[in-house]
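S.K.: structure19.cif (mmCIF, C-alpha atoms and all ligand atoms) pasted underneath:
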```
data_protein
loop_
_atom_site.group_PDB
_atom_site.id
_atom_site.type_symbol
_atom_site.label_atom_id
_atom_site.label_comp_id
_atom_site.auth_asym_id
_atom_site.auth_seq_id
_atom_site.Cartn_x
_atom_site.Cartn_y
_atom_site.Cartn_z
ATOM 1 C CA MET A 1 17.107 9.592 -12.694
ATOM 2 C CA THR A 2 13.382 9.447 -13.272
ATOM 3 C CA ALA A 3 11.370 10.607 -10.281
ATOM 4 C CA TRP A 4 8.653 8.260 -9.032
ATOM 5 C CA ALA A 5 5.854 8.531 -6.511
ATOM 6 C CA GLU A 6 5.026 5.363 -4.624
ATOM 7 C CA LEU A 7 1.331 5.464 -3.756
ATOM 8 C CA HIS A 8 0.640 1.916 -2.609
ATOM 9 C CA VAL A 9 3.009 0.507 -0.024
ATOM 10 C CA HIS A 10 2.115 -0.872 3.417
ATOM 11 C CA LEU A 11 4.864 0.069 5.888
ATOM 12 C CA GLU A 12 4.400 -3.261 7.657
ATOM 13 C CA GLY A 13 4.897 -4.966 4.300
ATOM 14 C CA THR A 14 8.414 -3.511 4.131
ATOM 15 C CA LEU A 15 9.440 -5.509 7.231
ATOM 16 C CA GLU A 16 12.343 -7.540 5.855
ATOM 17 C CA PRO A 17 13.163 -10.979 7.334
ATOM 18 C CA GLU A 18 16.483 -9.683 8.713
ATOM 19 C CA LEU A 19 14.691 -6.856 10.535
ATOM 20 C CA ILE A 20 12.115 -9.325 11.914
ATOM 21 C CA PHE A 21 14.952 -11.300 13.512
ATOM 22 C CA ALA A 22 16.789 -8.175 14.711
ATOM 23 C CA LEU A 23 13.669 -6.677 16.341
ATOM 24 C CA ALA A 24 12.671 -10.023 17.886
ATOM 25 C CA GLU A 25 16.082 -10.175 19.509
ATOM 26 C CA ARG A 26 16.031 -6.516 20.602
ATOM 27 C CA ASN A 27 12.590 -6.951 22.178
ATOM 28 C CA GLY A 28 13.040 -10.454 23.583
ATOM 29 C CA ILE A 29 10.208 -11.877 21.483
ATOM 30 C CA PRO A 30 10.380 -15.591 20.639
ATOM 31 C CA LEU A 31 9.891 -16.320 16.935
ATOM 32 C CA PRO A 32 8.226 -19.492 15.621
ATOM 33 C CA TYR A 33 10.959 -19.788 12.927
ATOM 34 C CA ALA A 34 14.225 -21.714 13.262
ATOM 35 C CA ASP A 35 16.148 -19.246 11.075
ATOM 36 C CA LEU A 36 15.864 -16.882 8.100
ATOM 37 C CA ASP A 37 15.539 -19.740 5.618
ATOM 38 C CA ASP A 38 12.723 -21.271 7.642
ATOM 39 C CA LEU A 39 10.918 -17.914 7.604
ATOM 40 C CA ARG A 40 11.536 -17.339 3.885
ATOM 41 C CA ALA A 41 10.211 -20.814 3.092
ATOM 42 C CA ARG A 42 6.795 -19.564 4.264
ATOM 43 C CA TYR A 43 6.666 -16.794 1.627
ATOM 44 C CA ASP A 44 4.926 -19.074 -0.848
ATOM 45 C CA PHE A 45 1.352 -17.800 -0.718
ATOM 46 C CA ALA A 46 -1.828 -19.462 -1.934
ATOM 47 C CA ASP A 47 -3.922 -16.281 -1.825
ATOM 48 C CA LEU A 48 -4.380 -12.932 -0.052
ATOM 49 C CA GLN A 49 -5.462 -14.465 3.272
ATOM 50 C CA SER A 50 -2.480 -16.808 3.541
ATOM 51 C CA PHE A 51 -0.213 -13.767 3.111
ATOM 52 C CA LEU A 52 -2.180 -11.633 5.590
ATOM 53 C CA ASP A 53 -1.888 -14.345 8.265
ATOM 54 C CA LEU A 54 1.931 -14.245 8.080
ATOM 55 C CA TYR A 55 1.998 -10.440 7.711
ATOM 56 C CA TYR A 56 -0.003 -9.903 10.930
ATOM 57 C CA THR A 57 2.069 -12.513 12.796
ATOM 58 C CA ASN A 58 5.410 -11.000 11.812
ATOM 59 C CA MET A 59 4.508 -7.444 12.737
ATOM 60 C CA GLN A 60 4.323 -8.497 16.405
ATOM 61 C CA VAL A 61 8.070 -7.809 16.620
ATOM 62 C CA LEU A 62 7.252 -4.081 16.288
ATOM 63 C CA GLN A 63 7.029 -2.857 19.875
ATOM 64 C CA THR A 64 8.675 0.514 20.505
ATOM 65 C CA ALA A 65 8.485 3.867 18.729
ATOM 66 C CA GLN A 66 12.087 3.277 17.652
ATOM 67 C CA ASP A 67 11.067 -0.014 15.995
ATOM 68 C CA PHE A 68 8.421 1.790 13.929
ATOM 69 C CA ALA A 69 10.902 4.555 13.085
ATOM 70 C CA ASP A 70 13.561 2.015 12.024
ATOM 71 C CA LEU A 71 11.057 0.155 9.838
ATOM 72 C CA THR A 72 9.957 3.375 8.141
ATOM 73 C CA ASP A 73 13.488 4.672 7.677
ATOM 74 C CA ALA A 74 14.672 1.397 6.130
ATOM 75 C CA TYR A 75 11.831 1.580 3.596
ATOM 76 C CA LEU A 76 12.616 5.198 2.731
ATOM 77 C CA ALA A 77 16.310 4.471 2.193
ATOM 78 C CA ARG A 78 15.515 1.556 -0.137
ATOM 79 C CA ALA A 79 12.735 3.445 -1.947
ATOM 80 C CA ARG A 80 15.113 6.331 -2.710
ATOM 81 C CA GLN A 81 17.466 3.879 -4.425
ATOM 82 C CA ALA A 82 14.506 2.908 -6.609
ATOM 83 C CA GLY A 83 13.986 6.552 -7.613
ATOM 84 C CA VAL A 84 11.093 7.313 -5.265
ATOM 85 C CA ARG A 85 10.864 11.049 -4.488
ATOM 86 C CA ARG A 86 7.338 11.038 -3.071
ATOM 87 C CA ALA A 87 5.901 8.262 -0.870
ATOM 88 C CA GLU A 88 2.313 8.085 0.366
ATOM 89 C CA VAL A 89 2.562 5.185 2.793
ATOM 90 C CA PHE A 90 -0.144 2.994 4.337
ATOM 91 C CA PHE A 91 -0.145 2.149 8.012
ATOM 92 C CA ASP A 92 -2.403 -0.430 9.734
ATOM 93 C CA LEU A 93 -2.763 1.218 13.157
ATOM 94 C CA GLN A 94 -5.427 -1.283 14.253
ATOM 95 C CA ALA A 95 -3.031 -4.201 13.813
ATOM 96 C CA HIS A 96 -0.823 -2.637 16.480
ATOM 97 C CA THR A 97 -3.365 -1.250 18.956
ATOM 98 C CA ALA A 98 -5.128 -4.658 18.936
ATOM 99 C CA ARG A 99 -1.990 -6.181 20.495
ATOM 100 C CA GLY A 100 -1.579 -3.452 23.086
ATOM 101 C CA ILE A 101 0.735 -0.956 21.376
ATOM 102 C CA PRO A 102 -0.438 2.584 22.214
ATOM 103 C CA PRO A 103 -1.375 4.642 19.125
ATOM 104 C CA GLU A 104 1.109 7.384 20.039
ATOM 105 C CA VAL A 105 3.944 4.829 20.131
ATOM 106 C CA ALA A 106 3.129 3.304 16.737
ATOM 107 C CA LEU A 107 2.232 6.525 14.935
ATOM 108 C CA GLY A 108 4.875 8.535 16.799
ATOM 109 C CA GLY A 109 7.636 6.237 15.565
ATOM 110 C CA VAL A 110 6.421 6.306 11.986
ATOM 111 C CA HIS A 111 6.076 10.088 12.117
ATOM 112 C CA GLN A 112 9.604 10.503 13.494
ATOM 113 C CA ALA A 113 11.012 8.857 10.352
ATOM 114 C CA LEU A 114 8.591 10.527 7.927
ATOM 115 C CA ALA A 115 9.327 13.970 9.369
ATOM 116 C CA ALA A 116 13.038 13.457 8.622
ATOM 117 C CA ALA A 117 12.485 11.882 5.180
ATOM 118 C CA GLU A 118 12.912 15.009 3.085
ATOM 119 C CA ALA A 119 16.214 15.931 4.771
ATOM 120 C CA GLN A 120 17.513 12.360 5.109
ATOM 121 C CA HIS A 121 16.424 10.831 1.825
ATOM 122 C CA GLY A 122 15.057 13.583 -0.413
ATOM 123 C CA ILE A 123 11.574 12.023 -0.271
ATOM 124 C CA SER A 124 8.416 13.971 0.471
ATOM 125 C CA THR A 125 5.904 11.866 2.340
ATOM 126 C CA GLY A 126 2.310 11.488 3.431
ATOM 127 C CA LEU A 127 0.760 9.036 5.863
ATOM 128 C CA ILE A 128 -2.451 7.191 4.970
ATOM 129 C CA LEU A 129 -4.246 5.418 7.802
ATOM 130 C CA THR A 130 -5.599 2.151 6.396
ATOM 131 C CA PHE A 131 -8.621 0.573 8.080
ATOM 132 C CA LEU A 132 -8.792 -3.216 8.303
ATOM 133 C CA ARG A 133 -11.958 -4.308 6.542
ATOM 134 C CA HIS A 134 -12.119 -7.713 8.263
ATOM 135 C CA LEU A 135 -12.834 -5.849 11.536
ATOM 136 C CA PRO A 136 -16.121 -4.068 12.350
ATOM 137 C CA ALA A 137 -16.532 -0.539 10.951
ATOM 138 C CA GLY A 138 -17.009 0.808 14.490
ATOM 139 C CA GLU A 139 -13.419 -0.177 15.210
ATOM 140 C CA ALA A 140 -12.256 1.769 12.163
ATOM 141 C CA MET A 141 -13.965 4.883 13.530
ATOM 142 C CA ALA A 142 -12.355 4.329 16.950
ATOM 143 C CA ALA A 143 -8.931 3.929 15.318
ATOM 144 C CA TYR A 144 -9.480 7.091 13.291
ATOM 145 C CA ARG A 145 -10.322 9.072 16.455
ATOM 146 C CA GLN A 146 -7.290 7.632 18.263
ATOM 147 C CA ALA A 147 -5.035 8.554 15.356
ATOM 148 C CA VAL A 148 -6.345 12.117 15.211
ATOM 149 C CA GLU A 149 -5.835 12.460 18.971
ATOM 150 C CA THR A 150 -2.124 11.651 18.654
ATOM 151 C CA GLY A 151 -1.681 14.844 16.647
ATOM 152 C CA VAL A 152 0.411 13.006 14.034
ATOM 153 C CA PRO A 153 -0.402 14.600 10.661
ATOM 154 C CA LEU A 154 -2.423 12.359 8.337
ATOM 155 C CA LEU A 155 -2.655 12.751 4.574
ATOM 156 C CA GLY A 156 -5.555 10.364 4.092
ATOM 157 C CA VAL A 157 -7.443 7.221 4.929
ATOM 158 C CA GLY A 158 -7.647 3.920 3.104
ATOM 159 C CA LEU A 159 -9.153 0.450 3.357
ATOM 160 C CA CYS A 160 -7.292 -2.855 3.164
ATOM 161 C CA SER A 161 -7.040 -6.452 4.432
ATOM 162 C CA THR A 162 -9.481 -9.258 3.541
ATOM 163 C CA GLU A 163 -11.618 -8.016 0.649
ATOM 164 C CA ILE A 164 -14.178 -10.665 -0.234
ATOM 165 C CA GLY A 165 -17.194 -10.626 2.055
ATOM 166 C CA HIS A 166 -16.344 -7.260 3.604
ATOM 167 C CA PRO A 167 -18.286 -4.554 1.713
ATOM 168 C CA ALA A 168 -16.786 -1.095 1.421
ATOM 169 C CA ALA A 169 -20.175 0.473 2.212
ATOM 170 C CA GLU A 170 -19.835 -0.509 5.876
ATOM 171 C CA PHE A 171 -17.036 2.047 6.154
ATOM 172 C CA ALA A 172 -18.932 4.983 4.629
ATOM 173 C CA ASP A 173 -19.230 6.884 7.927
ATOM 174 C CA VAL A 174 -15.539 6.912 8.755
ATOM 175 C CA PHE A 175 -14.642 7.897 5.194
ATOM 176 C CA SER A 176 -17.196 10.764 5.317
ATOM 177 C CA GLN A 177 -15.753 11.945 8.610
ATOM 178 C CA ALA A 178 -12.183 11.858 7.273
ATOM 179 C CA ARG A 179 -13.218 13.732 4.124
ATOM 180 C CA ALA A 180 -15.010 16.362 6.248
ATOM 181 C CA ASP A 181 -11.759 16.727 8.201
ATOM 182 C CA GLY A 182 -9.920 17.495 4.967
ATOM 183 C CA LEU A 183 -8.244 14.115 4.418
ATOM 184 C CA ARG A 184 -7.767 12.358 1.079
ATOM 185 C CA THR A 185 -9.375 8.972 0.418
ATOM 186 C CA VAL A 186 -8.304 5.708 -1.230
ATOM 187 C CA ALA A 187 -9.416 2.069 -0.949
ATOM 188 C CA HIS A 188 -8.221 -1.384 -1.963
ATOM 189 C CA ALA A 189 -10.748 -2.870 -4.387
ATOM 190 C CA GLY A 190 -10.791 -5.382 -7.215
ATOM 191 C CA GLU A 191 -7.740 -7.237 -5.920
ATOM 192 C CA GLU A 192 -9.399 -10.606 -5.216
ATOM 193 C CA GLY A 193 -12.905 -9.156 -5.469
ATOM 194 C CA ASP A 194 -14.524 -8.686 -8.887
ATOM 195 C CA ALA A 195 -15.268 -5.385 -10.625
ATOM 196 C CA SER A 196 -18.361 -4.835 -8.437
ATOM 197 C CA TYR A 197 -16.001 -4.204 -5.509
ATOM 198 C CA VAL A 198 -14.453 -1.326 -7.433
ATOM 199 C CA TRP A 199 -17.868 0.156 -8.204
ATOM 200 C CA ASP A 200 -18.775 -0.210 -4.506
ATOM 201 C CA ALA A 201 -15.646 1.599 -3.317
ATOM 202 C CA LEU A 202 -16.298 4.440 -5.768
ATOM 203 C CA ARG A 203 -20.010 4.748 -5.011
ATOM 204 C CA ALA A 204 -20.102 4.070 -1.268
ATOM 205 C CA LEU A 205 -16.812 5.716 -0.231
ATOM 206 C CA ASP A 206 -16.318 8.202 -3.088
ATOM 207 C CA VAL A 207 -12.579 7.468 -3.013
ATOM 208 C CA GLU A 208 -10.123 9.423 -5.148
ATOM 209 C CA ARG A 209 -7.913 6.449 -6.064
ATOM 210 C CA ILE A 210 -8.421 2.695 -6.223
ATOM 211 C CA ASP A 211 -5.650 0.461 -4.874
ATOM 212 C CA HIS A 212 -5.175 -2.562 -7.193
ATOM 213 C CA GLY A 213 -8.332 -2.572 -9.378
ATOM 214 C CA VAL A 214 -7.003 -5.561 -11.343
ATOM 215 C CA HIS A 215 -10.496 -6.956 -11.948
ATOM 216 C CA ALA A 216 -11.734 -3.690 -13.442
ATOM 217 C CA ILE A 217 -10.415 -5.094 -16.735
ATOM 218 C CA GLU A 218 -13.453 -7.426 -16.781
ATOM 219 C CA ASP A 219 -15.956 -4.543 -16.982
ATOM 220 C CA ASP A 220 -15.814 -2.225 -20.022
ATOM 221 C CA ARG A 221 -18.223 0.260 -18.470
ATOM 222 C CA LEU A 222 -15.976 0.517 -15.436
ATOM 223 C CA ILE A 223 -12.902 1.041 -17.609
ATOM 224 C CA ASP A 224 -14.749 3.852 -19.434
ATOM 225 C CA HIS A 225 -15.705 5.363 -16.080
ATOM 226 C CA LEU A 226 -12.116 5.218 -14.751
ATOM 227 C CA VAL A 227 -10.813 6.822 -17.950
ATOM 228 C CA GLY A 228 -13.563 9.461 -18.090
ATOM 229 C CA GLU A 229 -13.245 10.483 -14.458
ATOM 230 C CA ARG A 230 -9.440 10.088 -14.457
ATOM 231 C CA ILE A 231 -9.545 7.854 -11.380
ATOM 232 C CA PRO A 232 -6.069 6.375 -10.814
ATOM 233 C CA LEU A 233 -5.439 2.693 -10.103
ATOM 234 C CA THR A 234 -2.380 2.078 -7.917
ATOM 235 C CA MET A 235 -1.419 -1.338 -9.274
ATOM 236 C CA CYS A 236 1.038 -3.814 -7.757
ATOM 237 C CA PRO A 237 1.908 -6.453 -10.379
ATOM 238 C CA LEU A 238 4.473 -8.443 -8.346
ATOM 239 C CA SER A 239 2.029 -8.660 -5.451
ATOM 240 C CA ASN A 240 -0.698 -9.870 -7.803
ATOM 241 C CA VAL A 241 1.543 -12.670 -9.087
ATOM 242 C CA ARG A 242 2.635 -13.729 -5.586
ATOM 243 C CA LEU A 243 -0.966 -13.747 -4.287
ATOM 244 C CA LYS A 244 -2.205 -15.567 -7.409
ATOM 245 C CA VAL A 245 -4.491 -12.750 -8.514
ATOM 246 C CA VAL A 246 -2.879 -13.146 -11.965
ATOM 247 C CA PRO A 247 -0.913 -16.182 -13.202
ATOM 248 C CA SER A 248 2.203 -14.235 -14.282
ATOM 249 C CA LEU A 249 3.550 -10.734 -14.947
ATOM 250 C CA ALA A 250 3.041 -11.455 -18.638
ATOM 251 C CA ALA A 251 -0.691 -11.850 -17.953
ATOM 252 C CA HIS A 252 -1.054 -8.656 -15.906
ATOM 253 C CA PRO A 253 -3.595 -6.154 -17.292
ATOM 254 C CA ILE A 254 -1.549 -3.020 -16.436
ATOM 255 C CA LEU A 255 -0.229 -2.504 -19.960
ATOM 256 C CA GLU A 256 -3.616 -3.016 -21.616
ATOM 257 C CA MET A 257 -5.113 -0.541 -19.159
ATOM 258 C CA LEU A 258 -2.337 1.975 -19.895
ATOM 259 C CA ARG A 259 -3.035 1.656 -23.635
ATOM 260 C CA ARG A 260 -6.775 2.115 -23.023
ATOM 261 C CA GLY A 261 -6.111 5.386 -21.197
ATOM 262 C CA VAL A 262 -6.612 4.312 -17.590
ATOM 263 C CA HIS A 263 -4.477 6.338 -15.182
ATOM 264 C CA VAL A 264 -2.498 3.358 -13.877
ATOM 265 C CA THR A 265 0.522 3.565 -11.582
ATOM 266 C CA VAL A 266 3.003 0.901 -10.519
ATOM 267 C CA ASN A 267 3.801 0.141 -6.870
ATOM 268 C CA SER A 268 5.324 -2.472 -4.579
ATOM 269 C CA ASP A 269 2.505 -3.150 -2.027
ATOM 270 C CA ASP A 270 4.468 -5.332 0.455
ATOM 271 C CA PRO A 271 7.964 -5.414 -1.030
ATOM 272 C CA ALA A 272 9.559 -7.505 1.729
ATOM 273 C CA TYR A 273 7.078 -10.297 0.955
ATOM 274 C CA PHE A 274 6.590 -10.141 -2.804
ATOM 275 C CA GLY A 275 10.085 -10.106 -4.247
ATOM 276 C CA GLY A 276 10.975 -6.501 -4.613
ATOM 277 C CA TYR A 277 10.779 -2.746 -4.433
ATOM 278 C CA LEU A 278 9.552 -0.369 -7.121
ATOM 279 C CA ASP A 279 12.667 -0.728 -9.300
ATOM 280 C CA ASP A 280 12.331 -4.525 -9.175
ATOM 281 C CA VAL A 281 8.673 -4.309 -10.195
ATOM 282 C CA VAL A 282 9.515 -2.071 -13.158
ATOM 283 C CA ALA A 283 12.387 -4.372 -14.209
ATOM 284 C CA GLY A 284 10.026 -7.365 -14.069
ATOM 285 C CA LEU A 285 7.432 -5.583 -16.215
ATOM 286 C CA ARG A 286 10.068 -4.622 -18.792
ATOM 287 C CA ALA A 287 11.329 -8.197 -18.989
ATOM 288 C CA GLU A 288 8.050 -10.111 -18.902
ATOM 289 C CA LEU A 289 5.351 -7.750 -20.155
ATOM 290 C CA GLY A 290 7.518 -5.915 -22.687
ATOM 291 C CA LEU A 291 7.152 -2.421 -21.255
ATOM 292 C CA THR A 292 9.053 0.103 -23.377
ATOM 293 C CA ASP A 293 11.038 3.122 -22.173
ATOM 294 C CA ALA A 294 8.063 5.267 -23.190
ATOM 295 C CA ASP A 295 5.667 3.094 -21.135
ATOM 296 C CA VAL A 296 7.949 3.334 -18.116
ATOM 297 C CA ALA A 297 8.226 7.120 -18.507
ATOM 298 C CA GLN A 298 4.419 7.334 -18.710
ATOM 299 C CA LEU A 299 4.025 5.226 -15.554
ATOM 300 C CA ALA A 300 6.503 7.438 -13.682
ATOM 301 C CA ARG A 301 4.651 10.557 -14.831
ATOM 302 C CA ASN A 302 1.292 8.998 -13.902
ATOM 303 C CA SER A 303 2.599 8.262 -10.408
ATOM 304 C CA ILE A 304 3.488 11.902 -9.770
ATOM 305 C CA LEU A 305 0.211 13.166 -11.252
ATOM 306 C CA ALA A 306 -1.878 10.687 -9.212
ATOM 307 C CA SER A 307 -0.148 11.659 -5.975
ATOM 308 C CA PHE A 308 -1.692 14.010 -3.427
ATOM 309 C CA ALA A 309 1.360 16.306 -3.558
ATOM 310 C CA SER A 310 0.718 20.019 -4.148
ATOM 311 C CA GLU A 311 0.618 21.219 -7.757
ATOM 312 C CA ALA A 312 3.931 23.036 -7.168
ATOM 313 C CA GLU A 313 5.579 19.852 -5.922
ATOM 314 C CA LYS A 314 4.192 17.808 -8.806
ATOM 315 C CA ALA A 315 5.630 20.337 -11.276
ATOM 316 C CA ARG A 316 9.009 20.170 -9.520
ATOM 317 C CA LEU A 317 9.042 16.350 -9.590
ATOM 318 C CA LEU A 318 8.013 16.228 -13.245
ATOM 319 C CA ALA A 319 10.679 18.737 -14.317
HETATM 320 N N1 LIG A 401 -2.553 -5.374 3.512
HETATM 321 C C1 LIG A 401 -1.259 -5.489 3.156
HETATM 322 N N2 LIG A 401 -1.149 -5.903 1.894
HETATM 323 C C2 LIG A 401 -2.411 -6.040 1.405
HETATM 324 C C3 LIG A 401 -2.961 -6.432 0.169
HETATM 325 N N3 LIG A 401 -2.202 -6.788 -0.884
HETATM 326 N N4 LIG A 401 -4.305 -6.475 0.053
HETATM 327 C C4 LIG A 401 -5.078 -6.144 1.085
HETATM 328 N N5 LIG A 401 -4.619 -5.770 2.268
HETATM 329 C C5 LIG A 401 -3.299 -5.717 2.439
HETATM 330 ZN ZN ZN A 402 -2.060 -3.108 -0.692
#
```
Show the structure stored in the file as structure tokens.
M.R.:
Amino acid sequence: MTAWAELHVHLEGTLEPELIFALAERNGIPLPYADLDDLRARYDFADLQSFLDLYYTNMQVLQTAQDFADLTDAYLARARQAGVRRAEVFFDLQAHTARGIPPEVALGGVHQALAAAEAQHGISTGLILTFLRHLPAGEAMAAYRQAVETGVPLLGVGLCSTEIGHPAAEFADVFSQARADGLRTVAHAGEEGDASYVWDALRALDVERIDHGVHAIEDDRLIDHLVGERIPLTMCPLSNVRLKVVPSLAAHPILEMLRRGVHVTVNSDDPAYFGGYLDDVVAGLRAELGLTDADVAQLARNSILASFASEAEKARLLA
């Protein structure tokens, strides 16, 4: 089976409806949904913000370290079925501390599952702390310090949530600090925002990968820059369809970018919300965008090469 690295997945976006109901019951939390069908009926999104509103509401069922561990473990088990052998997962610590969950509970639970991932699922992992760009940058710095204090190992930092109107440059200090501490850097950009948001993330934050980057296709100079500097885009085509960033999988720019030499990778973003895990995304691209076996092999290879795994691990996964 082809080995994949998944480089763009929000752990909270892997919270399946069944687990929402199970955790609500376990924790005695009332849900505003009559049943699973009532919840699923709300997964028809107009845009990024309408998704984020539901995403932040649903994650309130996550209360104990065991809840975070169960969430993470369920993702890892499903990702392995999709062929994932390396997962660099995003975690929105601020969304949990803001509702009173201590950082050591949230991060401790996630870490418990990640630490067992190699033995349990044959997946090597890294944890990327994603800052919420709709909140002030000072809060990102506070979250970063809290995370470091827990002692849970971090692979990197990232930037997500509401894009338009929240410039990447505001987060330059916390990204500089993380880089000085030896962490890797990524940022969401060019999802709903235009190509200028991608330039901003590269210039202001000096990130090593761009998450999404769909709108880079509108700027030839940017495409040349991404190709020349070999800056990967971690793309999420199913997410982009569900959040109306593109009208259909058939209209997604990932294949054109691949042909033009951009280091694109394919990912699931929030698989519990957008209709599938990595294998489902690849199947959709084969069916609707006409990806060939060779394209799929190239995307798998790109995913390993764009990961932050050691060179030895990359060689092992590519073999
Ligand atoms: N957080 C979770 N999913 C996201 C997405 N697709 N864009 C921005 N922030 C997110
Ligand atoms: Zn994302």
S.K.: Here's the selection I'm unsure about, the PyMOL selection byres (((not hetatm)) within 9 of (chain A and resi 401)); applied to the file above, which residues does it give, as a ChimeraX atom specification?
M.R.: /A:9-13,48-49,51-52,55,90,92,130,132-133,159-163,188-189,191-192,211-212,236,239-240,243,269-270
S.K.: Each side padded by 5 Å, which centre and which edge lengths in Å (one decimal) define the axis-aligned box around the listed atoms of stretch 74-86 of chain A? Give them as lines of an AutoDock Vina configuration file.
M.R.:
```
center_x = 12.4
center_y = 6.2
center_z = -0.7
size_x = 20.1
size_y = 19.7
size_z = 23.7
```
S.K.: In Å to one decimal, how far is atom CA of A:Val157 from atom CA of A:Met59?
M.R.: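 Rounded to one decimal, the two atoms are 20.5 Å apart.
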S.K.: I would like the residues chosen by the PyMOL selection byres (((chain A and resi 285) around 12) and not hetatm) on the shown file; could you give them as a PyMOL selection string?
M.R.: chain A and resi 236-238+241+248-255+266-267+278-284+286-293+295-296+299
S.K.: Please enumerate the residues selected by the PyMOL selection byres (((chain A and resi 265) around 7) and not hetatm) when evaluated against the supplied file, formatted as a VMD selection string.
M.R.: chain A and resid 233 to 235 263 to 264 266 to 267 299 302 to 303
